[in-house]
Amino acid sequence: METEHIKSLFLKYKESGLNHRYITNSHITPLLENMTHKVHVETIGKSVLNNPISGIKIGNGSKRILMWSQMHGNESTTTKALFDLLNALLSDDLSVSHILNSCTLYIIPILSPDGAQAYTRVNANQVDLNRDAQDLTQPESKVLRDTFKMFKPHYCYNLHGQRTIFSAGKTNKPATVSFLAPAQDKDCTITPNRKIAMEVIGVMNGVLQQVIPNQVGVYDDAFNLNCVGDTFQSENVPTILFEAGHYHNDYGREATRAFIFMSYIASLDYISKNNVSGAHYESYLKIPENEKCFLDVIIKHVKIVSHGSELITDIGILYQEKLIEGKINFIPKVTHIENLDAYFGHKVIQANKLEVFNSDGKLLKVDSENVFVMIDNEKISLLPK
C-alpha cells in the first residue's frame, strides 16, 4: 500500500473522541459501545481495582494477530492509534478490506485500566506488568496470558510509549517511533522466529522513512524473560514491540499517533498479502539503536558565580508529566547543571554567558521546578508549546 494512501486513511478515520495523553476506560467505553454491532467486544477480566479489561475481536482471516496497549497506563498513544485503525477497518473502504479477509485481530486497548486512570506506569499494586510475565502475580498479567493461550496468535504486537530522551542513534534526531524484535534467549540469537518479526519491522521502517526520515530506532535486545515480549517470543510467536516517541513540539503525541497508525496499516497489509518467512530480515539490522541523547530544554552558556569564581556551563531540564484535574501537565524540572555538549535539546535557550534566575530571583538548582526563567530581565517560558 502506498505511503500517501496510508496517510490519507489516517486523516479520514482518525478517532475524534480521543486526544492528548490521558486515555482511560471512561474515554474508550462509548467508542466500544458504538461498535458492538460490528465487532465482538467482551470483558475479558478485571483489574486490581475491579475495573473491566475489554477485548475486541475483528476479522475473519486465518492469520491471528494479538495486540495490547497501555500495559503501562501512562503510555496511551498506541491506544489512540488502535481506535483510528478500528475506524478504518470497520469502514467500507475497499483498500483495507483485504486485511480482515486475511487476518483476525484480537485487541486489548487498555490492559491496565487502574494505571491508565492514575496515569502511572505500574498497576494499583505498584507492579510493572511488563516484568510479571513469568510470575503472573497480577490479575492484568493473567488476563493477557489467558488471552494469549485462548487466541493462539501467529503474531503479537506489544504496544508502548517511550520518553522524550531517546534519539535514533547518537544524532540530533528523536526516536519518534521505535521497534524491537525481542530476544528469545540469553544469547540474543537471531532465530527464525525473530527474523519474521524483523522482516515486518523492516517493512514498517521503510514506510516511516518516507515521512520521518532518520527518526526510527530499535531498542537494545538484552534478554529478560520476565518481560512479556521476550516470553512470547521465547514461545515461538513472532512478537514486535512498538514504542511511540517524541516528534517536534508534539507533547500531546498527536503527530506520533499518525505514525503509529501508519505502522499498523503497513504491517497488517504486508502480513495479509504475504507468507512472511523472515527471509527479508536484513533491513532491520540497519535501523540505529536508541540512545539517550535528548533533554526537553537545554539552557546553554549559563554564567554561575560561586565563591568568587565564575563558571560557564549548561542547564538541562526534563518535563515531569503530572495528572492535574483530568489533564496531563508538563512541569519543567532541572535535572542537570553541567556541560551538556553530549546532549541535544528539544528546545534550546541561549543564555549568552548571563546568569539565569527563577521567578523568585534565585539561581536554579538541580531538582527545582520552574515554569519560566529570567535572563537579563527577560521572562522566558520553559513550557512546551
# chains A, B, ... in the order shown; residues from 1 in each chain; ligands from 1

call {"tool": "residues_around", "arguments": {"residues": "Gly361 of chain A", "least_positions_apart": "6", "cutoff": "12 Å", "atoms": "only C-alpha atoms", "output": "PyMOL selection string"}}
result
chain A and resi 355+370+372-379

call {"tool": "write_last_selection", "arguments": {"atoms": "N, CA and C atoms", "output": "PDB file, in the first residue's frame"}}
result
ATOM      1  N   GLU A 355      23.644  35.176  33.838  1.00  0.00           N
ATOM      2  CA  GLU A 355      23.063  34.362  34.895  1.00  0.00           C
ATOM      3  C   GLU A 355      21.587  34.092  34.613  1.00  0.00           C
ATOM      4  N   ASN A 370      10.470  24.852  37.633  1.00  0.00           N
ATOM      5  CA  ASN A 370      10.359  26.243  37.222  1.00  0.00           C
ATOM      6  C   ASN A 370       9.544  26.337  35.942  1.00  0.00           C
ATOM      7  N   PHE A 372       9.083  29.244  34.358  1.00  0.00           N
ATOM      8  CA  PHE A 372       9.815  30.170  33.494  1.00  0.00           C
ATOM      9  C   PHE A 372      11.112  30.579  34.187  1.00  0.00           C
ATOM     10  N   VAL A 373      12.008  31.174  33.428  1.00  0.00           N
ATOM     11  CA  VAL A 373      13.269  31.691  33.970  1.00  0.00           C
ATOM     12  C   VAL A 373      13.429  33.141  33.546  1.00  0.00           C
ATOM     13  N   MET A 374      14.322  33.830  34.250  1.00  0.00           N
ATOM     14  CA  MET A 374      14.652  35.218  33.925  1.00  0.00           C
ATOM     15  C   MET A 374      16.101  35.275  33.456  1.00  0.00           C
ATOM     16  N   ILE A 375      16.306  35.832  32.259  1.00  0.00           N
ATOM     17  CA  ILE A 375      17.643  36.047  31.714  1.00  0.00           C
ATOM     18  C   ILE A 375      17.720  37.495  31.251  1.00  0.00           C
ATOM     19  N   ASP A 376      18.612  38.275  31.865  1.00  0.00           N
ATOM     20  CA  ASP A 376      18.771  39.689  31.517  1.00  0.00           C
ATOM     21  C   ASP A 376      17.421  40.419  31.610  1.00  0.00           C
ATOM     22  N   ASN A 377      16.685  40.124  32.700  1.00  0.00           N
ATOM     23  CA  ASN A 377      15.375  40.720  32.973  1.00  0.00           C
ATOM     24  C   ASN A 377      14.289  40.359  31.985  1.00  0.00           C
ATOM     25  N   GLU A 378      14.541  39.338  31.173  1.00  0.00           N
ATOM     26  CA  GLU A 378      13.533  38.853  30.225  1.00  0.00           C
ATOM     27  C   GLU A 378      12.931  37.563  30.765  1.00  0.00           C
ATOM     28  N   LYS A 379      11.610  37.491  30.778  1.00  0.00           N
ATOM     29  CA  LYS A 379      10.894  36.312  31.252  1.00  0.00           C
ATOM     30  C   LYS A 379      10.735  35.332  30.091  1.00  0.00           C
TER      31      LYS A 379
END

call {"tool": "residues_around", "arguments": {"residues": "Gln70 of chain A", "least_positions_apart": "3", "cutoff": "7 Å", "atoms": "only C-alpha atoms", "output": "PyMOL selection string"}}
result
chain A and resi 73-76+79+109-112+160

call {"tool": "write_last_selection", "arguments": {"atoms": "C-alpha atoms", "output": "PDB file, in the first residue's frame"}}
result
ATOM      1  CA  GLY A  73      -1.173   3.110  31.934  1.00  0.00           C
ATOM      2  CA  ASN A  74       0.650   6.327  31.026  1.00  0.00           C
ATOM      3  CA  GLU A  75       1.544   5.109  27.517  1.00  0.00           C
ATOM      4  CA  SER A  76      -1.585   5.941  25.553  1.00  0.00           C
ATOM      5  CA  THR A  79      -4.301   3.177  22.157  1.00  0.00           C
ATOM      6  CA  PRO A 109      -6.988  -1.480  24.137  1.00  0.00           C
ATOM      7  CA  ILE A 110      -6.198  -0.865  27.832  1.00  0.00           C
ATOM      8  CA  LEU A 111      -4.612  -3.744  29.730  1.00  0.00           C
ATOM      9  CA  SER A 112      -4.020  -1.671  32.883  1.00  0.00           C
ATOM     10  CA  HIS A 160       4.074   1.054  24.338  1.00  0.00           C
TER      11      HIS A 160
END

call {"tool": "closest_residue", "arguments": {"among": "A:Val366, A:Ala81, A:Gln162, A:Gln138", "to": "Arg121 of chain A", "atoms": "only C-alpha atoms"}}
result
A:Gln162

call {"tool": "select_by_dssp", "arguments": {"residues": "segment 279-323 of chain A", "states": "helix (DSSP H, G or I)", "output": "PyMOL selection string"}}
result
chain A and resi 282-286

call {"tool": "write_last_selection", "arguments": {"atoms": "N, CA and C atoms", "output": "PDB file, in the first residue's frame"}}
result
ATOM      1  N   GLU A 282      17.085  -8.504   6.858  1.00  0.00           N
ATOM      2  CA  GLU A 282      18.340  -7.770   6.999  1.00  0.00           C
ATOM      3  C   GLU A 282      18.165  -6.270   7.195  1.00  0.00           C
ATOM      4  N   SER A 283      17.126  -5.693   6.606  1.00  0.00           N
ATOM      5  CA  SER A 283      16.960  -4.238   6.730  1.00  0.00           C
ATOM      6  C   SER A 283      16.762  -3.817   8.184  1.00  0.00           C
ATOM      7  N   TYR A 284      16.220  -4.692   8.991  1.00  0.00           N
ATOM      8  CA  TYR A 284      16.042  -4.404  10.424  1.00  0.00           C
ATOM      9  C   TYR A 284      17.386  -4.098  11.073  1.00  0.00           C
ATOM     10  N   LEU A 285      18.414  -4.808  10.669  1.00  0.00           N
ATOM     11  CA  LEU A 285      19.736  -4.678  11.298  1.00  0.00           C
ATOM     12  C   LEU A 285      20.385  -3.329  10.993  1.00  0.00           C
ATOM     13  N   LYS A 286      19.836  -2.583  10.042  1.00  0.00           N
ATOM     14  CA  LYS A 286      20.386  -1.276   9.686  1.00  0.00           C
ATOM     15  C   LYS A 286      19.718  -0.130  10.448  1.00  0.00           C
TER      16      LYS A 286
END

call {"tool": "select_by_dssp", "arguments": {"residues": "segment 200-342 of chain A", "states": "strand (DSSP E)", "output": "PyMOL selection string"}}
result
chain A and resi 216-218+239-244+290-292+294-306+309-324+327-338

call {"tool": "write_last_selection", "arguments": {"atoms": "N, CA and C atoms", "output": "short mmCIF file (atom, residue, chain, number, x, y, z; two decimals), in the first residue's frame"}}
result
data_model
loop_
_atom_site.label_atom_id
_atom_site.label_comp_id
_atom_site.auth_asym_id
_atom_site.auth_seq_id
_atom_site.Cartn_x
_atom_site.Cartn_y
_atom_site.Cartn_z
N VAL A 216 13.59 6.77 13.29
CA VAL A 216 13.14 5.46 13.75
C VAL A 216 14.33 4.75 14.40
N GLY A 217 14.08 4.16 15.56
CA GLY A 217 15.15 3.45 16.27
C GLY A 217 14.72 2.05 16.67
N VAL A 218 15.68 1.30 17.17
CA VAL A 218 15.37 -0.01 17.77
C VAL A 218 15.95 -0.03 19.18
N THR A 239 6.99 -11.66 17.83
CA THR A 239 6.49 -10.58 18.66
C THR A 239 7.22 -9.29 18.31
N ILE A 240 6.44 -8.20 18.21
CA ILE A 240 7.00 -6.90 17.85
C ILE A 240 6.66 -5.89 18.94
N LEU A 241 7.68 -5.24 19.46
CA LEU A 241 7.49 -4.13 20.39
C LEU A 241 7.38 -2.84 19.59
N PHE A 242 6.33 -2.08 19.84
CA PHE A 242 6.13 -0.74 19.27
C PHE A 242 6.35 0.27 20.39
N GLU A 243 7.08 1.33 20.10
CA GLU A 243 7.27 2.41 21.07
C GLU A 243 6.96 3.74 20.39
N ALA A 244 5.92 4.41 20.88
CA ALA A 244 5.55 5.73 20.37
C ALA A 244 6.36 6.79 21.10
N ASN A 290 18.43 2.94 19.77
CA ASN A 290 18.08 4.10 20.60
C ASN A 290 19.24 4.50 21.49
N GLU A 291 19.45 5.79 21.60
CA GLU A 291 20.38 6.35 22.58
C GLU A 291 19.63 7.40 23.40
N LYS A 292 20.16 7.73 24.57
CA LYS A 292 19.53 8.72 25.44
C LYS A 292 20.27 10.05 25.30
N PHE A 294 18.70 13.17 24.42
CA PHE A 294 17.86 14.36 24.44
C PHE A 294 17.46 14.78 25.85
N LEU A 295 17.32 16.08 26.01
CA LEU A 295 16.63 16.69 27.14
C LEU A 295 15.52 17.56 26.57
N ASP A 296 14.51 17.84 27.36
CA ASP A 296 13.41 18.65 26.84
C ASP A 296 13.85 20.08 26.60
N VAL A 297 14.61 20.65 27.54
CA VAL A 297 15.11 22.01 27.39
C VAL A 297 16.57 22.05 27.81
N ILE A 298 17.39 22.72 27.03
CA ILE A 298 18.77 23.00 27.43
C ILE A 298 18.98 24.51 27.38
N ILE A 299 19.42 25.07 28.48
CA ILE A 299 19.82 26.47 28.53
C ILE A 299 21.34 26.49 28.41
N LYS A 300 21.84 27.02 27.32
CA LYS A 300 23.27 26.97 27.00
C LYS A 300 24.01 28.21 27.51
N HIS A 301 25.27 27.96 27.89
CA HIS A 301 26.22 29.04 28.23
C HIS A 301 25.69 29.93 29.34
N VAL A 302 25.43 29.28 30.47
CA VAL A 302 24.92 29.97 31.66
C VAL A 302 26.09 30.36 32.56
N LYS A 303 26.08 31.60 33.02
CA LYS A 303 27.12 32.04 33.96
C LYS A 303 26.69 31.70 35.39
N ILE A 304 27.58 31.04 36.10
CA ILE A 304 27.35 30.74 37.51
C ILE A 304 28.53 31.29 38.30
N VAL A 305 28.23 32.13 39.28
CA VAL A 305 29.26 32.69 40.14
C VAL A 305 29.14 32.05 41.52
N SER A 306 30.24 31.47 41.97
CA SER A 306 30.22 30.79 43.26
C SER A 306 31.57 30.97 43.94
N SER A 309 34.38 32.69 42.13
CA SER A 309 34.83 32.19 40.82
C SER A 309 33.64 32.13 39.86
N GLU A 310 33.94 32.23 38.58
CA GLU A 310 32.90 32.26 37.55
C GLU A 310 33.02 31.04 36.65
N LEU A 311 31.89 30.42 36.39
CA LEU A 311 31.85 29.21 35.56
C LEU A 311 30.79 29.39 34.48
N ILE A 312 31.10 28.98 33.25
CA ILE A 312 30.14 28.96 32.17
C ILE A 312 29.74 27.52 31.92
N THR A 313 28.47 27.21 32.10
CA THR A 313 28.02 25.83 31.97
C THR A 313 26.63 25.81 31.34
N ASP A 314 25.95 24.65 31.40
CA ASP A 314 24.63 24.50 30.81
C ASP A 314 23.64 24.00 31.86
N ILE A 315 22.37 24.22 31.60
CA ILE A 315 21.31 23.71 32.48
C ILE A 315 20.38 22.84 31.65
N GLY A 316 20.14 21.62 32.14
CA GLY A 316 19.25 20.69 31.44
C GLY A 316 17.95 20.51 32.20
N ILE A 317 16.86 20.41 31.46
CA ILE A 317 15.52 20.33 32.06
C ILE A 317 14.74 19.21 31.38
N LEU A 318 14.07 18.42 32.21
CA LEU A 318 13.14 17.40 31.71
C LEU A 318 11.75 17.71 32.25
N TYR A 319 10.74 17.46 31.43
CA TYR A 319 9.37 17.67 31.87
C TYR A 319 8.89 16.49 32.71
N GLN A 320 8.27 16.78 33.83
CA GLN A 320 7.61 15.77 34.65
C GLN A 320 6.13 15.79 34.28
N GLU A 321 5.60 14.63 33.89
CA GLU A 321 4.20 14.55 33.48
C GLU A 321 3.34 14.33 34.72
N LYS A 322 2.43 15.27 34.99
CA LYS A 322 1.59 15.18 36.18
C LYS A 322 0.13 15.30 35.80
N LEU A 323 -0.67 14.41 36.38
CA LEU A 323 -2.12 14.43 36.17
C LEU A 323 -2.74 15.43 37.14
N ILE A 324 -3.32 16.48 36.61
CA ILE A 324 -3.95 17.52 37.42
C ILE A 324 -5.34 17.79 36.86
N LYS A 327 -6.16 16.31 33.42
CA LYS A 327 -5.32 16.68 32.28
C LYS A 327 -3.85 16.46 32.63
N ILE A 328 -3.07 16.14 31.62
CA ILE A 328 -1.64 15.95 31.82
C ILE A 328 -0.93 17.29 31.67
N ASN A 329 -0.23 17.67 32.72
CA ASN A 329 0.55 18.91 32.72
C ASN A 329 2.04 18.56 32.67
N PHE A 330 2.80 19.38 31.98
CA PHE A 330 4.23 19.16 31.85
C PHE A 330 4.96 20.18 32.72
N ILE A 331 5.59 19.69 33.77
CA ILE A 331 6.25 20.54 34.76
C ILE A 331 7.76 20.51 34.51
N PRO A 332 8.38 21.63 34.13
CA PRO A 332 9.83 21.64 33.89
C PRO A 332 10.62 21.46 35.20
N LYS A 333 11.55 20.52 35.18
CA LYS A 333 12.37 20.23 36.36
C LYS A 333 13.84 20.20 35.97
N VAL A 334 14.66 20.91 36.70
CA VAL A 334 16.10 20.93 36.43
C VAL A 334 16.70 19.58 36.80
N THR A 335 17.35 18.93 35.84
CA THR A 335 17.97 17.63 36.07
C THR A 335 19.50 17.66 35.95
N HIS A 336 20.03 18.67 35.25
CA HIS A 336 21.47 18.76 35.04
C HIS A 336 21.92 20.21 35.17
N ILE A 337 23.03 20.42 35.84
CA ILE A 337 23.77 21.68 35.74
C ILE A 337 25.21 21.29 35.50
N GLU A 338 25.58 21.25 34.24
CA GLU A 338 26.90 20.75 33.82
C GLU A 338 27.06 21.01 32.33
#
